[in-house]
$ cat coords.tsv   # TSV, C-alpha atoms
chain	number	residue	atom	x	y	z
A	1	GLY	CA	189.93	118.14	23.44
A	2	GLN	CA	187.33	120.64	22.38
A	3	SER	CA	186.75	121.77	18.80
A	4	LEU	CA	184.05	123.70	17.00
A	5	GLU	CA	183.89	124.07	13.23
A	6	GLN	CA	182.24	126.90	11.35
A	7	PRO	CA	182.51	128.15	7.77
A	8	SER	CA	185.14	130.86	7.57
A	9	GLU	CA	183.13	133.25	5.40
A	10	VAL	CA	179.53	133.71	4.23
A	11	THR	CA	178.17	136.36	1.88
A	12	ALA	CA	174.48	137.26	1.58
A	13	VAL	CA	172.31	140.00	0.15
A	14	GLU	CA	170.52	142.59	2.25
A	15	GLY	CA	167.01	141.39	3.13
A	16	ALA	CA	167.89	137.73	2.66
A	17	ILE	CA	168.14	134.88	5.19
A	18	VAL	CA	171.45	133.27	6.09
A	19	GLN	CA	172.29	130.22	8.19
A	20	ILE	CA	175.66	129.79	9.89
A	21	ASN	CA	176.39	126.21	10.90
A	22	CYS	CA	178.47	124.96	13.78
A	23	THR	CA	179.54	121.40	14.48
A	24	TYR	CA	181.27	120.55	17.70
A	25	GLN	CA	183.30	117.81	19.32
A	26	THR	CA	183.42	118.47	23.01
A	27	SER	CA	183.49	116.26	26.06
A	28	GLY	CA	181.11	117.21	28.84
A	29	PHE	CA	179.01	119.34	26.49
A	30	TYR	CA	176.47	121.47	28.30
A	31	GLY	CA	175.09	123.97	25.77
A	32	LEU	CA	175.84	126.23	22.80
A	33	SER	CA	176.02	130.02	22.65
A	34	TRP	CA	176.42	132.49	19.80
A	35	TYR	CA	178.28	135.79	19.81
A	36	GLN	CA	178.57	138.64	17.30
A	37	GLN	CA	181.72	140.69	16.90
A	38	HIS	CA	182.10	143.74	14.69
A	39	ASP	CA	185.57	144.66	13.48
A	40	GLY	CA	187.48	146.29	16.29
A	41	GLY	CA	184.68	145.65	18.76
A	42	ALA	CA	184.02	143.32	21.65
A	43	PRO	CA	181.99	140.12	21.22
A	44	THR	CA	178.35	140.53	22.20
A	45	PHE	CA	176.05	137.75	23.33
A	46	LEU	CA	173.26	136.72	20.95
A	47	SER	CA	171.72	133.49	22.22
A	48	TYR	CA	172.08	130.34	24.30
A	49	ASN	CA	170.72	126.84	23.61
A	50	GLY	CA	170.75	124.50	26.57
A	51	LEU	CA	168.13	122.17	25.13
A	52	ASP	CA	167.52	120.79	21.65
A	53	GLY	CA	165.37	122.94	19.44
A	54	LEU	CA	164.98	126.49	18.25
A	55	GLU	CA	165.40	129.68	20.26
A	56	GLU	CA	164.12	132.87	18.66
A	57	THR	CA	165.19	136.41	19.50
A	58	GLY	CA	163.86	138.94	17.03
A	59	ARG	CA	165.53	138.52	13.64
A	60	PHE	CA	167.97	135.97	15.05
A	61	SER	CA	167.23	132.32	15.84
A	62	SER	CA	169.52	129.59	17.07
A	63	PHE	CA	169.11	125.84	16.89
A	64	LEU	CA	170.74	122.92	18.66
A	65	SER	CA	170.72	119.18	18.03
A	66	ARG	CA	172.71	117.31	20.66
A	67	SER	CA	172.36	113.96	18.88
A	68	ASP	CA	174.04	115.46	15.78
A	69	SER	CA	176.53	117.65	17.72
A	70	TYR	CA	175.30	120.47	15.54
A	71	GLY	CA	173.83	123.91	15.82
A	72	TYR	CA	173.13	126.89	13.64
A	73	LEU	CA	172.43	130.59	13.81
A	74	LEU	CA	169.73	131.90	11.48
A	75	LEU	CA	169.66	135.56	10.60
A	76	GLN	CA	166.56	136.87	8.84
A	77	GLU	CA	165.89	140.15	7.02
A	78	LEU	CA	169.59	140.82	6.79
A	79	GLN	CA	170.77	144.39	7.25
A	80	MET	CA	174.10	145.94	6.38
A	81	LYS	CA	174.84	146.33	10.09
A	82	ASP	CA	174.75	142.52	10.43
A	83	SER	CA	178.13	142.37	8.66
A	84	ALA	CA	180.34	141.00	11.41
A	85	SER	CA	181.99	137.84	12.66
A	86	TYR	CA	179.81	135.26	14.37
A	87	PHE	CA	181.18	132.75	16.85
A	88	CYS	CA	179.59	129.63	18.23
A	89	ALA	CA	180.83	128.62	21.65
A	90	SER	CA	180.33	125.47	23.67
A	91	HIS	CA	179.79	125.29	27.41
A	92	THR	CA	181.58	122.40	29.03
A	93	GLY	CA	182.79	121.17	32.36
A	94	THR	CA	181.72	123.75	34.87
A	95	ALA	CA	179.10	124.90	32.33
A	96	SER	CA	180.10	128.53	32.60
A	97	LYS	CA	183.41	128.15	30.80
A	98	LEU	CA	183.17	128.74	27.05
A	99	THR	CA	185.24	127.32	24.22
A	100	PHE	CA	184.88	129.42	21.06
A	101	GLY	CA	184.91	128.39	17.43
A	102	THR	CA	187.14	130.21	14.95
A	103	GLY	CA	184.25	132.36	13.74
A	104	THR	CA	182.33	133.01	10.53
A	105	ARG	CA	182.77	136.33	8.80
A	106	LEU	CA	179.41	137.46	7.36
A	107	GLN	CA	179.42	140.03	4.58
A	108	VAL	CA	176.04	141.57	3.74
A	109	THR	CA	175.90	143.18	0.30
A	110	LEU	CA	173.38	145.39	-1.46
B	1	GLY	CA	179.59	150.77	36.10
B	2	ALA	CA	177.23	149.78	33.34
B	3	GLY	CA	179.68	147.57	31.51
B	4	VAL	CA	182.97	145.73	31.83
B	5	SER	CA	185.85	148.16	31.92
B	6	GLN	CA	189.39	147.28	30.85
B	7	SER	CA	192.55	149.31	31.04
B	8	PRO	CA	194.71	150.26	29.35
B	9	SER	CA	192.98	150.08	25.98
B	10	ASN	CA	196.34	149.89	24.23
B	11	LYS	CA	199.74	148.87	25.52
B	12	VAL	CA	203.03	148.77	23.66
B	13	THR	CA	205.86	147.17	25.56
B	14	GLU	CA	209.37	146.02	24.90
B	15	LYS	CA	210.15	142.33	24.78
B	16	GLY	CA	211.16	141.08	28.21
B	17	LYS	CA	209.15	143.65	30.18
B	18	ASP	CA	206.28	142.80	32.52
B	19	VAL	CA	202.76	144.12	31.90
B	20	GLU	CA	199.60	144.32	33.98
B	21	LEU	CA	196.15	144.41	32.46
B	22	ARG	CA	193.15	145.42	34.51
B	23	CYS	CA	189.50	144.37	34.37
B	24	ASP	CA	186.62	145.90	36.30
B	25	PRO	CA	183.58	143.62	35.88
B	26	ILE	CA	179.90	144.47	36.13
B	27	SER	CA	178.90	144.88	39.74
B	28	GLY	CA	177.29	141.72	41.08
B	29	HIS	CA	178.66	139.40	38.41
B	30	THR	CA	180.30	136.53	40.23
B	31	ALA	CA	182.04	134.99	37.23
B	32	LEU	CA	184.99	136.66	35.50
B	33	TYR	CA	186.92	135.37	32.49
B	34	TRP	CA	190.05	136.30	30.57
B	35	TYR	CA	190.41	135.44	26.90
B	36	ARG	CA	192.85	136.53	24.24
B	37	GLN	CA	192.29	137.01	20.54
B	38	SER	CA	194.95	137.19	17.89
B	39	LEU	CA	194.23	139.06	14.67
B	40	GLY	CA	191.48	137.33	12.70
B	41	GLN	CA	191.33	134.43	15.11
B	42	GLY	CA	188.89	133.03	17.62
B	43	LEU	CA	188.96	133.59	21.34
B	44	GLU	CA	191.39	131.57	23.41
B	45	PHE	CA	190.41	130.86	27.01
B	46	LEU	CA	192.98	131.87	29.63
B	47	ILE	CA	191.48	131.82	33.12
B	48	TYR	CA	188.12	131.80	34.92
B	49	PHE	CA	187.14	133.04	38.39
B	50	GLN	CA	183.86	132.04	40.03
B	51	GLY	CA	183.03	133.57	43.37
B	52	ASN	CA	185.40	132.39	46.09
B	53	SER	CA	186.29	129.14	44.34
B	54	ALA	CA	189.79	128.36	43.17
B	55	PRO	CA	190.26	129.81	39.66
B	56	ASP	CA	190.36	127.59	36.58
B	57	LYS	CA	193.84	128.34	35.20
B	58	SER	CA	193.83	125.59	32.59
B	59	GLY	CA	194.13	128.02	29.66
B	60	LEU	CA	197.19	129.96	30.79
B	61	PRO	CA	199.82	129.31	28.08
B	62	SER	CA	202.87	129.41	30.34
B	63	ASP	CA	204.00	130.22	33.85
B	64	ARG	CA	204.76	133.77	32.69
B	65	PHE	CA	201.00	134.38	32.87
B	66	SER	CA	199.15	134.87	36.14
B	67	ALA	CA	195.94	136.51	37.27
B	68	GLU	CA	194.25	137.47	40.46
B	69	ARG	CA	190.89	138.77	41.46
B	70	THR	CA	190.69	140.90	44.56
B	71	GLY	CA	187.59	141.12	46.73
B	72	GLY	CA	185.54	139.23	44.16
B	73	SER	CA	185.65	142.23	41.86
B	74	VAL	CA	188.61	143.75	40.00
B	75	SER	CA	190.99	141.37	38.25
B	76	THR	CA	194.55	141.85	37.06
B	77	LEU	CA	196.23	139.72	34.40
B	78	THR	CA	200.02	139.86	34.61
B	79	ILE	CA	202.38	138.76	31.87
B	80	GLN	CA	206.02	138.53	32.87
B	81	ARG	CA	208.97	138.73	30.48
B	82	THR	CA	206.72	139.44	27.52
B	83	GLN	CA	207.43	137.81	24.18
B	84	GLN	CA	206.34	138.85	20.69
B	85	GLU	CA	203.90	135.94	20.52
B	86	ASP	CA	202.04	137.50	23.47
B	87	SER	CA	200.86	140.29	21.15
B	88	ALA	CA	197.05	140.02	20.98
B	89	VAL	CA	193.86	141.61	22.24
B	90	TYR	CA	193.18	140.53	25.81
B	91	LEU	CA	189.48	140.42	26.57
B	92	CYS	CA	187.82	140.27	29.95
B	93	ALA	CA	184.21	139.21	30.45
B	94	SER	CA	181.86	138.83	33.38
B	95	SER	CA	178.66	136.86	33.71
B	96	LEU	CA	175.71	136.15	35.93
B	97	GLY	CA	174.82	132.84	34.29
B	98	LEU	CA	174.49	130.84	31.10
B	99	VAL	CA	171.23	132.31	29.87
B	100	ASP	CA	172.53	135.86	30.26
B	101	GLY	CA	175.75	135.18	28.42
B	102	TYR	CA	179.06	136.89	28.88
B	103	THR	CA	179.48	140.67	28.78
B	104	PHE	CA	182.87	141.51	27.31
B	105	GLY	CA	184.98	144.57	27.85
B	106	SER	CA	186.52	146.41	24.91
B	107	GLY	CA	189.83	144.69	25.47
B	108	THR	CA	193.46	145.66	25.83
B	109	ARG	CA	195.48	145.56	22.62
B	110	LEU	CA	198.95	144.42	23.64
B	111	THR	CA	201.84	144.88	21.25
B	112	VAL	CA	205.25	143.49	22.18
B	113	VAL	CA	208.09	145.03	20.17

$ encode --input "coords.tsv" --output "structure tokens"
Amino acid sequence: GQSLEQPSEVTAVEGAIVQINCTYQTSGFYGLSWYQQHDGGAPTFLSYNGLDGLEETGRFSSFLSRSDSYGYLLLQELQMKDSASYFCASHTGTASKLTFGTGTRLQVTL
Amino acid sequence: GAGVSQSPSNKVTEKGKDVELRCDPISGHTALYWYRQSLGQGLEFLIYFQGNSAPDKSGLPSDRFSAERTGGSVSTLTIQRTQQEDSAVYLCASSLGLVDGYTFGSGTRLTVV
């Protein structure tokens, strides 16, 4: 089967840096994506890692280590609007199909 | 349109009734996906369409669920004889490829009473 584990909740202060970890157990693993979802909203795509290493997109970076079956999302210079749920998702099989983790709820405080 | 459009946005139905949920993907996106999300939970894969290939139905929870995609564009998810456990937000997404990610619609909130 496929499973992805993330912390259920993380709290951080505005302006700080936070790392959300994701460990996965998936057969036919192809890559790892990250999505953000605000309460009541639709998930929005943040990043994709098909190769080991770091991908940077503005304040957000994502990392993948295939040998450790592990990835993380790094959010820098946190803003109140970053309060949301963050999901890692693995690509398997046909590569386009995603299996989502249960999500990490990030609360940014003053 | 500019985004993925889903209708209706909310649907309340009586247990045992059939419902149809509609998804209009981004023009040109060949891949279309249906997921559902229960309150406070992750996204559960239901079905995946890619071009003219046979759909991947491996996530459909029972034979009461079916979906079709007409003309490589609009998709309809049908739930027959709805049950209370079917209550969830049903999300549709379309995609061009891995690097571009999925674009999700705003979802249909289904409540079975």

$ residues_around --input "coords.tsv" --residues "Thr57 of chain A" --least-positions-apart "6" --cutoff "12 Å" --atoms "only C-alpha atoms" --output "VMD selection string"
chain A and resid 34 45 to 49 63 73 to 76

$ closest_residue --input "coords.tsv" --among "A:Gln107, A:Ser83, A:Ser3, A:Ser27" --to "chain B" --atoms "all atoms listed in the file"
A:Ser3

$ closest_residue --input "coords.tsv" --among "B:Gly40, B:Cys23, B:Thr108, B:Ser5" --to "Ala84 of chain A" --atoms "all atoms listed in the file"
B:Gly40

$ residues_around --input "coords.tsv" --residues "Tyr30 of chain A" --least-positions-apart "2" --cutoff "7 Å" --atoms "only C-alpha atoms" --output "JSON, numbers by chain"
{"A": [28, 50, 91, 92, 95]}

$ residues_around --input "coords.tsv" --residues "Asn21 of chain A" --least-positions-apart "5" --cutoff "12 Å" --atoms "only C-alpha atoms" --output "PyMOL selection string"
chain A and resi 4-10+32+34+62-65+69-75+86-89+101+103-104

$ closest_residue --input "coords.tsv" --among "B:Lys17, B:Leu46, B:Ser7, B:Pro61" --to "Val113 of chain B" --atoms "all atoms listed in the file"
B:Lys17

$ residues_near_point --input "coords.tsv" --point "(209.3, 138.6, 22.1)" --cutoff "12 Å" --atoms "all atoms listed in the file" --output "ChimeraX atom specification"
/B:13-18,79-87,110-113

$ closest_residue --input "coords.tsv" --among "A:Asp52, A:Phe29, A:Val13, A:Asp39" --to "chain B" --atoms "all atoms listed in the file"
A:Asp39

$ interface_residues --input "coords.tsv" --of "chain B" --to "chain A" --cutoff "6 Å" --atoms "all atoms listed in the file" --output "list in words"
Gln41, Gly42, Leu43, Val99, Gly101 and Ser106 of chain B

$ residues_around --input "coords.tsv" --residues "Thr78 of chain B" --least-positions-apart "2" --cutoff "6 Å" --atoms "only C-alpha atoms" --output "ChimeraX atom specification"
/B:19-20,65-67

$ write_last_selection --input "coords.tsv" --atoms "C-alpha atoms" --output "PDB file, keeping the file's coordinate frame"
ATOM      1  CA  VAL B  19     202.760 144.120  31.900  1.00  0.00           C
ATOM      2  CA  GLU B  20     199.600 144.320  33.980  1.00  0.00           C
ATOM      3  CA  PHE B  65     201.000 134.380  32.870  1.00  0.00           C
ATOM      4  CA  SER B  66     199.150 134.870  36.140  1.00  0.00           C
ATOM      5  CA  ALA B  67     195.940 136.510  37.270  1.00  0.00           C
TER       6      ALA B  67
END

$ atom_distance --input "coords.tsv" --atom1 "atom CA of Thr30 of chain B" --atom2 "atom CA of Gly51 of chain B"
5.1 Å

$ residues_around --input "coords.tsv" --residues "Arg36 of chain B" --least-positions-apart "5" --cutoff "6 Å" --atoms "all atoms listed in the file" --output "list in words"
Leu43, Glu44, Val89, Tyr90 and Leu91 of chain B

$ closest_residue --input "coords.tsv" --among "A:Met80, A:Leu110, A:Ser67, A:Phe60" --to "Ile20 of chain A" --atoms "all atoms listed in the file"
A:Phe60

$ atom_distance --input "coords.tsv" --atom1 "atom CA of Val108 of chain A" --atom2 "atom CA of Ala16 of chain A"
9.1 Å

$ atom_distance --input "coords.tsv" --atom1 "atom CA of Gln2 of chain A" --atom2 "atom CA of Pro55 of chain B"
19.8 Å

$ closest_residue --input "coords.tsv" --among "B:Ser38, B:Ser95, B:Asn52, B:Ser75" --to "Asp24 of chain B" --atoms "all atoms listed in the file"
B:Ser75

$ axis_aligned_box --input "coords.tsv" --around "segment 36-46 of chain B" --padding-each-side "4 Å" --output "AutoDock Vina command-line options"
--center_x 191.9 --center_y 135.0 --center_z 21.2 --size_x 14.1 --size_y 16.2 --size_z 24.9
